[in-house]
Structure formats: structure tokens, C-alpha cells
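A.B. asks: This one is work_23.txt, compact mmCIF, C-alpha atoms.
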# COMPACT_ATOMS: atom_id res chain seq x y z
CA MET A 24 0.00 0.00 0.00
CA LEU A 25 2.90 2.38 0.64
CA ASP A 26 3.26 3.19 -3.05
CA GLN A 27 -0.49 3.67 -3.52
CA VAL A 28 -2.71 6.55 -2.48
CA ILE A 29 -4.67 5.34 0.53
CA ASP A 30 -8.39 5.70 -0.14
CA LEU A 31 -9.89 6.97 3.13
CA ASP A 32 -13.47 6.76 1.75
CA ARG A 33 -13.06 3.03 1.16
CA THR A 34 -11.10 2.46 4.39
CA PHE A 35 -13.71 4.11 6.64
CA HIS A 36 -16.47 2.32 4.68
CA ALA A 37 -14.69 -0.99 5.36
CA LEU A 38 -14.62 -0.17 9.09
CA ALA A 39 -18.34 0.77 9.11
CA ASP A 40 -19.48 -2.81 9.65
CA ARG A 41 -19.41 -4.76 12.90
CA SER A 42 -18.59 -8.09 11.18
CA ARG A 43 -15.66 -6.60 9.28
CA ARG A 44 -14.38 -4.98 12.48
CA SER A 45 -14.61 -8.32 14.28
CA MET A 46 -12.58 -9.92 11.45
CA LEU A 47 -9.93 -7.22 11.89
CA GLU A 48 -9.94 -7.85 15.65
CA ARG A 49 -9.24 -11.54 14.92
CA LEU A 50 -6.45 -10.59 12.47
CA THR A 51 -4.66 -8.47 15.10
CA LEU A 52 -3.87 -11.84 16.75
CA GLY A 53 -2.15 -13.05 13.57
CA PRO A 54 -2.94 -14.19 10.02
CA ALA A 55 -6.03 -16.38 9.56
CA SER A 56 -7.74 -18.31 6.79
CA VAL A 57 -11.17 -17.23 5.56
CA SER A 58 -12.71 -20.28 7.34
CA GLU A 59 -11.04 -19.25 10.62
CA LEU A 60 -12.48 -15.74 10.21
CA ALA A 61 -15.92 -17.22 9.50
CA ARG A 62 -15.96 -19.56 12.54
CA PRO A 63 -17.23 -17.11 15.22
CA LEU A 64 -19.59 -15.31 12.84
CA ALA A 65 -23.19 -16.30 12.20
CA MET A 66 -22.99 -16.00 8.42
CA SER A 67 -22.26 -18.07 5.32
CA LEU A 68 -18.71 -18.55 4.03
CA ALA A 69 -19.80 -16.67 0.87
CA ALA A 70 -20.80 -13.64 2.98
CA VAL A 71 -17.46 -13.76 4.80
CA VAL A 72 -15.63 -13.89 1.45
CA GLN A 73 -17.52 -10.74 0.37
CA HIS A 74 -16.50 -8.93 3.58
CA VAL A 75 -12.88 -10.01 3.05
CA GLN A 76 -13.07 -8.60 -0.49
CA VAL A 77 -14.22 -5.21 0.91
CA LEU A 78 -11.33 -5.26 3.41
CA GLU A 79 -8.90 -6.22 0.64
CA ALA A 80 -10.20 -3.63 -1.87
CA CYS A 81 -9.29 -0.73 0.43
CA GLY A 82 -5.96 -2.30 1.40
CA VAL A 83 -6.72 -2.87 5.12
CA VAL A 84 -6.20 -6.60 4.57
CA LYS A 85 -3.94 -8.55 2.20
CA THR A 86 -4.71 -12.11 1.20
CA ALA A 87 -2.52 -14.81 -0.32
CA LYS A 88 -3.23 -18.33 -1.52
CA VAL A 89 -1.27 -20.92 0.49
CA GLY A 90 -1.99 -24.31 -1.09
CA ARG A 91 -5.80 -24.48 -1.22
CA THR A 92 -6.28 -21.98 1.62
CA ARG A 93 -6.61 -18.19 1.32
CA VAL A 94 -4.75 -16.61 4.23
CA CYS A 95 -5.59 -13.05 5.35
CA ARG A 96 -3.40 -10.61 7.25
CA ILE A 97 -3.69 -6.97 8.30
CA GLU A 98 -1.88 -4.31 6.26
CA PRO A 99 -0.94 -1.76 8.95
CA ALA A 100 -0.24 1.27 6.69
CA THR A 101 -3.83 1.64 5.52
CA ILE A 102 -5.55 1.45 8.89
CA THR A 103 -2.86 3.69 10.42
CA ALA A 104 -3.69 6.35 7.79
CA ALA A 105 -7.35 6.28 8.90
CA GLU A 106 -6.29 6.56 12.55
CA GLN A 107 -3.97 9.46 11.64
CA TRP A 108 -6.77 11.38 9.92
CA ILE A 109 -8.89 11.27 13.11
CA THR A 110 -5.91 12.00 15.39
CA ASP A 111 -4.99 15.10 13.34
CA ARG A 112 -8.57 16.43 13.59
CA ARG A 113 -8.72 15.73 17.34
CA GLN A 114 -5.41 17.48 17.96
CA ALA A 115 -6.58 20.49 15.91
CA TRP A 116 -9.74 21.02 17.95
CA GLU A 117 -8.02 20.26 21.27
CA SER A 118 -5.44 22.95 20.48
CA ARG A 119 -8.28 25.34 19.56
CA LEU A 120 -10.00 24.61 22.89
CA ASP A 121 -6.68 25.15 24.73
CA ARG A 122 -6.26 28.57 23.08
CA LEU A 123 -9.90 29.41 23.93
CA GLY A 124 -9.21 28.40 27.56
CA ASP A 125 -6.11 30.64 27.65
CA VAL A 126 -8.10 33.63 26.37
CA LEU A 127 -10.86 33.07 28.96
CA ASN A 128 -8.30 32.70 31.78
CA GLU A 129 -6.52 35.90 30.70
CA GLU A 130 -9.84 37.76 30.63
CA ALA A 131 -10.80 36.43 34.08
CA ALA A 132 -7.37 37.48 35.47
CA SER A 133 -7.64 40.93 33.88
CA GLN A 134 -11.15 41.43 35.35
CA LYS A 135 -9.82 40.42 38.78
CA GLU A 136 -7.05 43.04 38.53
CA ASN A 137 -9.37 45.74 37.15
CA PRO A 138 -12.83 44.89 38.49
CA MET B 11 -23.43 11.44 23.55
CA LEU B 12 -21.80 10.28 26.77
CA ASP B 13 -25.02 8.67 27.98
CA GLN B 14 -25.65 6.96 24.64
CA VAL B 15 -23.99 3.93 23.12
CA ILE B 16 -21.71 5.24 20.38
CA ASP B 17 -22.60 3.57 17.08
CA LEU B 18 -19.27 2.82 15.38
CA ASP B 19 -21.00 1.55 12.20
CA ARG B 20 -22.65 4.94 11.70
CA THR B 21 -19.58 6.91 12.81
CA PHE B 22 -17.21 5.19 10.37
CA HIS B 23 -19.89 5.46 7.64
CA ALA B 24 -20.08 9.22 8.32
CA LEU B 25 -16.29 9.48 7.91
CA ALA B 26 -16.35 7.48 4.64
CA ASP B 27 -17.07 10.55 2.51
CA ARG B 28 -14.57 13.20 1.45
CA SER B 29 -17.14 16.05 1.68
CA ARG B 30 -18.19 15.09 5.20
CA ARG B 31 -14.54 14.83 6.23
CA SER B 32 -13.88 18.29 4.81
CA MET B 33 -16.85 19.64 6.84
CA LEU B 34 -15.33 18.10 9.98
CA GLU B 35 -11.97 19.66 9.10
CA ARG B 36 -13.71 23.06 8.93
CA LEU B 37 -15.46 22.40 12.27
CA THR B 38 -12.15 21.69 14.04
CA LEU B 39 -11.53 25.45 13.59
CA GLY B 40 -14.75 26.25 15.50
CA PRO B 41 -18.55 26.12 15.11
CA ALA B 42 -19.96 27.05 11.69
CA SER B 43 -23.33 27.56 10.06
CA VAL B 44 -24.52 25.20 7.33
CA SER B 45 -23.91 27.98 4.74
CA GLU B 46 -20.33 28.41 5.98
CA LEU B 47 -19.80 24.65 5.63
CA ALA B 48 -21.26 24.77 2.11
CA ARG B 49 -19.10 27.70 0.89
CA PRO B 50 -15.92 25.78 -0.15
CA LEU B 51 -17.88 22.77 -1.49
CA ALA B 52 -19.14 22.43 -5.05
CA MET B 53 -22.61 21.21 -4.08
CA SER B 54 -26.10 22.51 -3.35
CA LEU B 55 -27.10 23.68 0.12
CA ALA B 56 -29.64 20.81 0.18
CA ALA B 57 -26.82 18.29 -0.36
CA VAL B 58 -24.79 19.90 2.44
CA VAL B 59 -27.82 19.69 4.76
CA GLN B 60 -28.07 15.96 4.00
CA HIS B 61 -24.38 15.45 4.84
CA VAL B 62 -24.84 17.42 8.09
CA GLN B 63 -27.77 15.12 8.93
CA VAL B 64 -25.53 12.05 8.48
CA LEU B 65 -22.90 13.62 10.73
CA GLU B 66 -25.55 14.51 13.31
CA ALA B 67 -27.28 11.09 13.22
CA CYS B 68 -24.12 9.33 14.42
CA GLY B 69 -23.35 12.04 16.98
CA VAL B 70 -20.09 13.31 15.43
CA VAL B 71 -21.70 16.74 15.04
CA LYS B 72 -24.30 18.58 17.10
CA THR B 73 -26.41 21.34 15.61
CA ALA B 74 -28.47 24.07 17.26
CA LYS B 75 -30.75 26.76 15.89
CA VAL B 76 -29.43 30.26 16.71
CA GLY B 77 -32.04 32.72 15.41
CA ARG B 78 -32.60 31.69 11.78
CA THR B 79 -29.19 30.01 11.44
CA ARG B 80 -28.34 26.36 12.18
CA VAL B 81 -24.94 26.24 13.84
CA CYS B 82 -22.86 23.03 13.76
CA ARG B 83 -20.10 21.98 16.10
CA ILE B 84 -18.02 18.83 16.62
CA GLU B 85 -18.97 16.42 19.41
CA PRO B 86 -15.54 15.08 20.47
CA ALA B 87 -16.68 11.94 22.36
CA THR B 88 -18.04 10.18 19.26
CA ILE B 89 -15.08 10.73 16.96
CA THR B 90 -12.68 9.90 19.82
CA ALA B 91 -14.44 6.52 20.21
CA ALA B 92 -13.77 5.77 16.53
CA GLU B 93 -10.13 6.80 16.94
CA GLN B 94 -9.87 4.61 20.06
CA TRP B 95 -11.19 1.56 18.23
CA ILE B 96 -8.43 1.83 15.61
CA THR B 97 -5.74 2.67 18.20
CA ASP B 98 -6.65 -0.42 20.27
CA ARG B 99 -6.35 -2.67 17.19
CA ARG B 100 -3.05 -1.08 16.15
CA GLN B 101 -1.59 -1.51 19.64
CA ALA B 102 -2.73 -5.16 19.71
CA TRP B 103 -0.94 -6.07 16.48
CA GLU B 104 2.13 -3.98 17.30
CA SER B 105 2.47 -5.84 20.60
CA ARG B 106 2.04 -9.16 18.71
CA LEU B 107 4.81 -8.14 16.28
CA ASP B 108 7.04 -7.13 19.24
CA ARG B 109 6.53 -10.57 20.84
CA LEU B 110 7.25 -12.23 17.48
CA GLY B 111 10.45 -10.14 17.21
CA ASP B 112 11.50 -11.22 20.73
CA VAL B 113 10.98 -14.91 19.86
CA LEU B 114 13.03 -14.57 16.65
CA ASN B 115 15.82 -12.71 18.49
CA GLU B 116 15.93 -15.38 21.22
CA GLU B 117 16.08 -18.12 18.57
CA ALA B 118 18.87 -16.30 16.73
CA ALA B 119 20.82 -15.85 20.01
CA SER B 120 20.33 -19.51 20.98
CA GLN B 121 21.55 -20.68 17.52
CA LYS B 122 24.63 -18.47 17.93
CA GLU B 123 25.39 -20.07 21.31
CA ASN B 124 24.67 -23.63 20.12
CA PRO B 125 25.33 -23.63 16.38
Show me this structure written as C-alpha cells.

C.D. replies:
Amino acid sequence: MLDQVIDLDRTFHALADRSRRSMLERLTLGPASVSELARPLAMSLAAVVQHVQVLEACGVVKTAKVGRTRVCRIEPATITAAEQWITDRRQAWESRLDRLGDVLNEEAASQKENP
Amino acid sequence: MLDQVIDLDRTFHALADRSRRSMLERLTLGPASVSELARPLAMSLAAVVQHVQVLEACGVVKTAKVGRTRVCRIEPATITAAEQWITDRRQAWESRLDRLGDVLNEEAASQKENP
């Protein structure tokens, strides 16, 4: 993914589903086959394959054929880019709130000195 | 939002659109009216209102009527929950990779001692 533009629309869309998030939670423990991802989920293998395709299309997950099994693993760069987008926004508004707090404190102090 | 369950499906869905993300970027600078949010975007006011409704439905944005103007502001708790979900996953796989690294280093050291 490093040499591709990370598509945040697709990445956030991939995260907007509880089943896909639970697959990613499983993959944080290590690579897994599609059947292993399907095991705890109450859905058909075909449905799981479709979810894996959504995760793969945005680059959050990579898959590779090992013999007759398709093995899935997390691709950290993509999901880290989504995290970074949110973190940057949060830091921007926190710093705005800090500046606002400073202004209010200065005004309160100035009113105390010159009531 | 603090007394409500934060709906990650809806929150990530709200983030999965470049226009909605650009509205949130604007709102990190401070509250804004719907017209102010619309100004830099090449879309109708009606379309902007629909995007604001998506952002409001998941709790990422709160709106309030001030006179005849609807003012929007970011609701930090919701977007922070989405950030936290990704951060927790990232930390889980980073710690797995660290443990894997430790095991490989120990094996390499042991092979050096007992070649």
C-alpha cells in the first residue's frame, strides 16, 4: 500500500461494519484463513468472502493463496492512515479549545485586577 | 453522547465521505453555520444539509438553531471513540509483532550459542 494513495473513503467504509471490524480484531492476533475468520460469525462462508473482499479492496487486509487456503493478514499502513486522519482532527480542535481556555483565563485574570 | 452507546457503524460510515470529512476539518476550527460549511464545497445547500444530517445522526456533530441560522459543532466523544477503536487494534498487532520479534531474536541468540 505504501506506493499507492490510501483511499480513506473506502477504508472508513470498510470499518463501518461490525462483522468486518470483528474480522480485523481476529487478524490483530495473527494471520487467519477465511474459514477461521468465519468460525465465530453467524454467516455463510460466501458472505465472509464478500466482507474479506471489501477489506482487501481498500488495502486494510492482504490475502494470499497458500496451497488451497486463502490466508488473510492486516496491512498496517492503511488502517494507520485512517487513525492518523482522526488523530490530526482531534489534535486540531483540542489545540483550539486550549487557546480558547487561555483567552478566557486571561480575561478572568484581567477582570480580577481591574474589576 | 456520553449517555448513549456510540454507534461505530454509523460513525465510520459518516467518515467514509470526502465532503463530510472536509466539513469536519472546517469544524475543528470552531462552530460554523450550514452555509459556511457549504461555501468551499461544489454542491447545493440541500446536499450539504443531508451530509450534516448524516454527521448529526451518528453524533459526530451537534447542531443548534441560533435565530434563523443552524450552527454546527463537533462532538468530540463520538469521533474519539472511533479513533480509540483503531488505536486499540493497532496496539494489539504492534504488541504481537514485538513478541514475534522477541521470539526470533531469542532463537537467533540460541543458535549463535549452540550452532

A.B. asks: Quick one: which residues from chain A are at most 9 Å off chain B, using only C-alpha atoms, as number ranges by chain?

C.D. replies: A: 31-41, 47-48, 50-53, 97, 99, 102-103, 105-107, 109-110, 112-117, 119-120

A.B. asks: Suppose we keep C-alpha atoms; can you now write the selection as a short mmCIF file (atom, residue, chain, number, x, y, z; two decimals), keeping the file's coordinate frame?

C.D. replies:
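See selection29.cif below for the written result:
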data_model
loop_
_atom_site.label_atom_id
_atom_site.label_comp_id
_atom_site.auth_asym_id
_atom_site.auth_seq_id
_atom_site.Cartn_x
_atom_site.Cartn_y
_atom_site.Cartn_z
CA LEU A 31 -9.89 6.97 3.13
CA ASP A 32 -13.47 6.76 1.75
CA ARG A 33 -13.06 3.03 1.16
CA THR A 34 -11.10 2.46 4.39
CA PHE A 35 -13.71 4.11 6.64
CA HIS A 36 -16.47 2.32 4.68
CA ALA A 37 -14.69 -0.99 5.36
CA LEU A 38 -14.62 -0.17 9.09
CA ALA A 39 -18.34 0.77 9.11
CA ASP A 40 -19.48 -2.81 9.65
CA ARG A 41 -19.41 -4.76 12.90
CA LEU A 47 -9.93 -7.22 11.89
CA GLU A 48 -9.94 -7.85 15.65
CA LEU A 50 -6.45 -10.59 12.47
CA THR A 51 -4.66 -8.47 15.10
CA LEU A 52 -3.87 -11.84 16.75
CA GLY A 53 -2.15 -13.05 13.57
CA ILE A 97 -3.69 -6.97 8.30
CA PRO A 99 -0.94 -1.76 8.95
CA ILE A 102 -5.55 1.45 8.89
CA THR A 103 -2.86 3.69 10.42
CA ALA A 105 -7.35 6.28 8.90
CA GLU A 106 -6.29 6.56 12.55
CA GLN A 107 -3.97 9.46 11.64
CA ILE A 109 -8.89 11.27 13.11
CA THR A 110 -5.91 12.00 15.39
CA ARG A 112 -8.57 16.43 13.59
CA ARG A 113 -8.72 15.73 17.34
CA GLN A 114 -5.41 17.48 17.96
CA ALA A 115 -6.58 20.49 15.91
CA TRP A 116 -9.74 21.02 17.95
CA GLU A 117 -8.02 20.26 21.27
CA ARG A 119 -8.28 25.34 19.56
CA LEU A 120 -10.00 24.61 22.89
#

A.B. asks: What is the distance between CA of Val84 in chain A and CA of Glu117 in chain B, in Å to one decimal?

C.D. replies: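 CA of Glu117 in chain B lies at a distance of 28.7 Å from CA of Val84 in chain A.
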
A.B. asks: Return chain A as a JSON list (two decimals) with C-alpha atoms, keeping the file's coordinate frame, after superposing it on chain B by a least-squares fit that covers all C-alpha atoms paired in order.

C.D. replies:
[["chain", "number", "residue", "atom", "x", "y", "z"],
["A", 24, "MET", "CA", -23.42, 11.42, 23.48],
["A", 25, "LEU", "CA", -21.80, 10.30, 26.74],
["A", 26, "ASP", "CA", -25.02, 8.70, 27.98],
["A", 27, "GLN", "CA", -25.69, 6.99, 24.64],
["A", 28, "VAL", "CA", -24.04, 3.94, 23.11],
["A", 29, "ILE", "CA", -21.75, 5.24, 20.38],
["A", 30, "ASP", "CA", -22.64, 3.59, 17.08],
["A", 31, "LEU", "CA", -19.31, 2.82, 15.40],
["A", 32, "ASP", "CA", -21.03, 1.55, 12.21],
["A", 33, "ARG", "CA", -22.68, 4.94, 11.71],
["A", 34, "THR", "CA", -19.60, 6.91, 12.82],
["A", 35, "PHE", "CA", -17.23, 5.18, 10.38],
["A", 36, "HIS", "CA", -19.90, 5.46, 7.65],
["A", 37, "ALA", "CA", -20.09, 9.21, 8.33],
["A", 38, "LEU", "CA", -16.30, 9.46, 7.93],
["A", 39, "ALA", "CA", -16.36, 7.46, 4.66],
["A", 40, "ASP", "CA", -17.05, 10.53, 2.53],
["A", 41, "ARG", "CA", -14.55, 13.19, 1.48],
["A", 42, "SER", "CA", -17.12, 16.04, 1.69],
["A", 43, "ARG", "CA", -18.17, 15.07, 5.21],
["A", 44, "ARG", "CA", -14.52, 14.82, 6.26],
["A", 45, "SER", "CA", -13.86, 18.28, 4.83],
["A", 46, "MET", "CA", -16.83, 19.63, 6.84],
["A", 47, "LEU", "CA", -15.33, 18.09, 9.99],
["A", 48, "GLU", "CA", -11.96, 19.64, 9.12],
["A", 49, "ARG", "CA", -13.70, 23.04, 8.94],
["A", 50, "LEU", "CA", -15.46, 22.39, 12.28],
["A", 51, "THR", "CA", -12.15, 21.69, 14.05],
["A", 52, "LEU", "CA", -11.53, 25.45, 13.61],
["A", 53, "GLY", "CA", -14.75, 26.25, 15.50],
["A", 54, "PRO", "CA", -18.53, 26.12, 15.10],
["A", 55, "ALA", "CA", -19.94, 27.05, 11.68],
["A", 56, "SER", "CA", -23.32, 27.57, 10.05],
["A", 57, "VAL", "CA", -24.49, 25.21, 7.32],
["A", 58, "SER", "CA", -23.89, 27.99, 4.72],
["A", 59, "GLU", "CA", -20.30, 28.42, 5.98],
["A", 60, "LEU", "CA", -19.76, 24.66, 5.62],
["A", 61, "ALA", "CA", -21.22, 24.77, 2.10],
["A", 62, "ARG", "CA", -19.06, 27.69, 0.89],
["A", 63, "PRO", "CA", -15.90, 25.76, -0.16],
["A", 64, "LEU", "CA", -17.84, 22.77, -1.48],
["A", 65, "ALA", "CA", -19.10, 22.40, -5.03],
["A", 66, "MET", "CA", -22.57, 21.20, -4.07],
["A", 67, "SER", "CA", -26.07, 22.50, -3.36],
["A", 68, "LEU", "CA", -27.09, 23.69, 0.11],
["A", 69, "ALA", "CA", -29.61, 20.81, 0.16],
["A", 70, "ALA", "CA", -26.79, 18.29, -0.37],
["A", 71, "VAL", "CA", -24.78, 19.90, 2.42],
["A", 72, "VAL", "CA", -27.81, 19.70, 4.74],
["A", 73, "GLN", "CA", -28.06, 15.96, 3.98],
["A", 74, "HIS", "CA", -24.37, 15.46, 4.84],
["A", 75, "VAL", "CA", -24.84, 17.42, 8.08],
["A", 76, "GLN", "CA", -27.79, 15.14, 8.92],
["A", 77, "VAL", "CA", -25.54, 12.05, 8.47],
["A", 78, "LEU", "CA", -22.90, 13.64, 10.74],
["A", 79, "GLU", "CA", -25.58, 14.54, 13.29],
["A", 80, "ALA", "CA", -27.30, 11.11, 13.21],
["A", 81, "CYS", "CA", -24.15, 9.34, 14.42],
["A", 82, "GLY", "CA", -23.38, 12.06, 16.98],
["A", 83, "VAL", "CA", -20.10, 13.32, 15.42],
["A", 84, "VAL", "CA", -21.71, 16.75, 15.03],
["A", 85, "LYS", "CA", -24.32, 18.61, 17.08],
["A", 86, "THR", "CA", -26.43, 21.36, 15.59],
["A", 87, "ALA", "CA", -28.48, 24.11, 17.23],
["A", 88, "LYS", "CA", -30.76, 26.80, 15.84],
["A", 89, "VAL", "CA", -29.45, 30.29, 16.64],
["A", 90, "GLY", "CA", -32.05, 32.76, 15.35],
["A", 91, "ARG", "CA", -32.60, 31.71, 11.72],
["A", 92, "THR", "CA", -29.19, 30.02, 11.41],
["A", 93, "ARG", "CA", -28.35, 26.37, 12.16],
["A", 94, "VAL", "CA", -24.93, 26.26, 13.80],
["A", 95, "CYS", "CA", -22.87, 23.04, 13.75],
["A", 96, "ARG", "CA", -20.11, 21.98, 16.12],
["A", 97, "ILE", "CA", -18.04, 18.84, 16.62],
["A", 98, "GLU", "CA", -18.98, 16.42, 19.41],
["A", 99, "PRO", "CA", -15.57, 15.08, 20.49],
["A", 100, "ALA", "CA", -16.72, 11.94, 22.37],
["A", 101, "THR", "CA", -18.07, 10.19, 19.28],
["A", 102, "ILE", "CA", -15.10, 10.71, 16.98],
["A", 103, "THR", "CA", -12.71, 9.89, 19.84],
["A", 104, "ALA", "CA", -14.47, 6.52, 20.25],
["A", 105, "ALA", "CA", -13.80, 5.75, 16.56],
["A", 106, "GLU", "CA", -10.15, 6.77, 16.97],
["A", 107, "GLN", "CA", -9.90, 4.59, 20.10],
["A", 108, "TRP", "CA", -11.22, 1.53, 18.28],
["A", 109, "ILE", "CA", -8.44, 1.81, 15.66],
["A", 110, "THR", "CA", -5.77, 2.66, 18.25],
["A", 111, "ASP", "CA", -6.68, -0.43, 20.32],
["A", 112, "ARG", "CA", -6.39, -2.69, 17.24],
["A", 113, "ARG", "CA", -3.06, -1.11, 16.22],
["A", 114, "GLN", "CA", -1.62, -1.53, 19.71],
["A", 115, "ALA", "CA", -2.76, -5.18, 19.78],
["A", 116, "TRP", "CA", -0.97, -6.10, 16.55],
["A", 117, "GLU", "CA", 2.11, -4.01, 17.37],
["A", 118, "SER", "CA", 2.43, -5.88, 20.67],
["A", 119, "ARG", "CA", 2.01, -9.18, 18.78],
["A", 120, "LEU", "CA", 4.77, -8.17, 16.35],
["A", 121, "ASP", "CA", 7.01, -7.16, 19.30],
["A", 122, "ARG", "CA", 6.53, -10.60, 20.91],
["A", 123, "LEU", "CA", 7.23, -12.26, 17.53],
["A", 124, "GLY", "CA", 10.43, -10.17, 17.25],
["A", 125, "ASP", "CA", 11.50, -11.25, 20.76],
["A", 126, "VAL", "CA", 11.00, -14.93, 19.91],
["A", 127, "LEU", "CA", 13.02, -14.59, 16.67],
["A", 128, "ASN", "CA", 15.83, -12.72, 18.48],
["A", 129, "GLU", "CA", 15.95, -15.39, 21.21],
["A", 130, "GLU", "CA", 16.13, -18.13, 18.57],
["A", 131, "ALA", "CA", 18.90, -16.30, 16.68],
["A", 132, "ALA", "CA", 20.87, -15.84, 19.95],
["A", 133, "SER", "CA", 20.39, -19.50, 20.90],
["A", 134, "GLN", "CA", 21.59, -20.65, 17.44],
["A", 135, "LYS", "CA", 24.66, -18.42, 17.80],
["A", 136, "GLU", "CA", 25.49, -20.03, 21.17],
["A", 137, "ASN", "CA", 24.78, -23.57, 19.94],
["A", 138, "PRO", "CA", 25.45, -23.51, 16.19]]

A.B. asks: What does the distance from CA of Arg62 in chain A to CA of Met46 in chain A come to in Å, to one decimal?

C.D. replies: 10.3 Å

A.B. asks: Could you check how far CA of Glu46 in chain B sits from CA of Ser32 in chain B, in Å to one decimal?

C.D. replies: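 If I compute the distance from CA of Glu46 in chain B to CA of Ser32 in chain B, I get 12.1 Å.
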
A.B. asks: Could you write out as JSON the box around range 79-83 of chain A (axis-aligned, all atoms listed in the file, 4 Å on each side), with centre and edge lengths in Å to one decimal?

C.D. replies:
{"center_x": -8.1, "center_y": -3.5, "center_z": 1.6, "size_x": 12.2, "size_y": 13.5, "size_z": 15.0}

A.B. asks: Choose the residue, out of A:Ile29, A:Leu64, A:Val94, A:Val57, that has the smallest atom-to-atom separation from Gly82 in chain A; count all atoms listed in the file.

C.D. replies: A:Ile29
